[in-house]
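Peer 1: One structure coming up, written as structure tokens, with questions to follow.
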Amino acid sequence: MSDSQPNHQEESSYTPASFEKRTAAWMGIAYVLMMLFLITFYIYTGKEMPGTFVLFLLPVAVAGIVIAVYRQRKGTALGGMALTVVIILLCIAAIVLGLAVGVPAVVHAVQNAYG
């Protein structure tokens, strides 16, 4: 019939993922979408997109910045503020490099595919 303790709830064994794991999952989603775009572009046009590989620096650089800031705010950053600033500057440099080289390559590939 009914349980002898109606208010008794079983303890859940669910443990939410850490912030770093969730950030890595979002980064993985970004990579999947980028690969889907490249593959779909190739299937649809029959042409590759040379020079766009550097765009794959963007998701990992953004994730690196997010995790570095998170760990610094939490107080668990290795190397303290100095290393956090170095990590952020390297990630910003990767983002700038990725956009500076990758975006013109994408524009050129799209123009050649449809021009």
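Every chain in the structure tokens has a letter given in the order shown (A, B, ...), and although residue numbers restart at 1 in each chain, ligands are simply numbered from 1 in the order shown.
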So that I can check the surroundings of stretch 78-95 of chain A, please list as a PyMOL selection string every protein, DNA and RNA residue that reaches within 9 Å of it, counting only C-alpha atoms and ignoring chain neighbours fewer than 5 positions away.
Peer 2: chain A and resi 54-55+57-66+68-69+71-72+100
Peer 1: Apply DSSP to the structure's backbone, then extract all residues of stretch 12-67 of chain A labelled alpha helix (DSSP H) and return them as an MDAnalysis selection string.
Peer 2: chainID A and resid 19:45 57:67
Peer 1: Would you compute the distance between atom CA of A:Gly51 and atom CA of A:Gly98? Give it in Å to one decimal.
Peer 2: 10.1 Å
Peer 1: Please, what distance in Å, to one decimal, runs between atom CA of A:Thr52 and atom CA of A:Gly102?
Peer 2: 4.7 Å
Peer 1: Would you compute the distance between atom CA of A:Phe41 and atom CA of A:Ala105? Give it in Å to one decimal.
Peer 2: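 Atom CA of A:Ala105 lies at a distance of 13.7 Å from atom CA of A:Phe41.
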Peer 1: Using only C-alpha atoms, which of A:Tyr14, A:Tyr114, A:Phe56, A:Tyr70 sits nearest A:Val32?
Peer 2: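 Checking each of A:Tyr14, A:Tyr114, A:Phe56, A:Tyr70 against A:Val32, counting only C-alpha atoms, the winner is A:Phe56.
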Peer 1: Smallest atom-to-atom distance to A:Glu20: which of A:Val103, A:Met49, A:Ile67, A:Leu38, using only C-alpha atoms?
Peer 2: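 The closest residue to A:Glu20 is A:Ile67.
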Peer 1: Which residues come within 12 Å of A:Asn112, counting only C-alpha atoms, excluding same-chain residues fewer than 5 positions away, as a PyMOL selection string?
Peer 2: chain A and resi 45-50+105-107
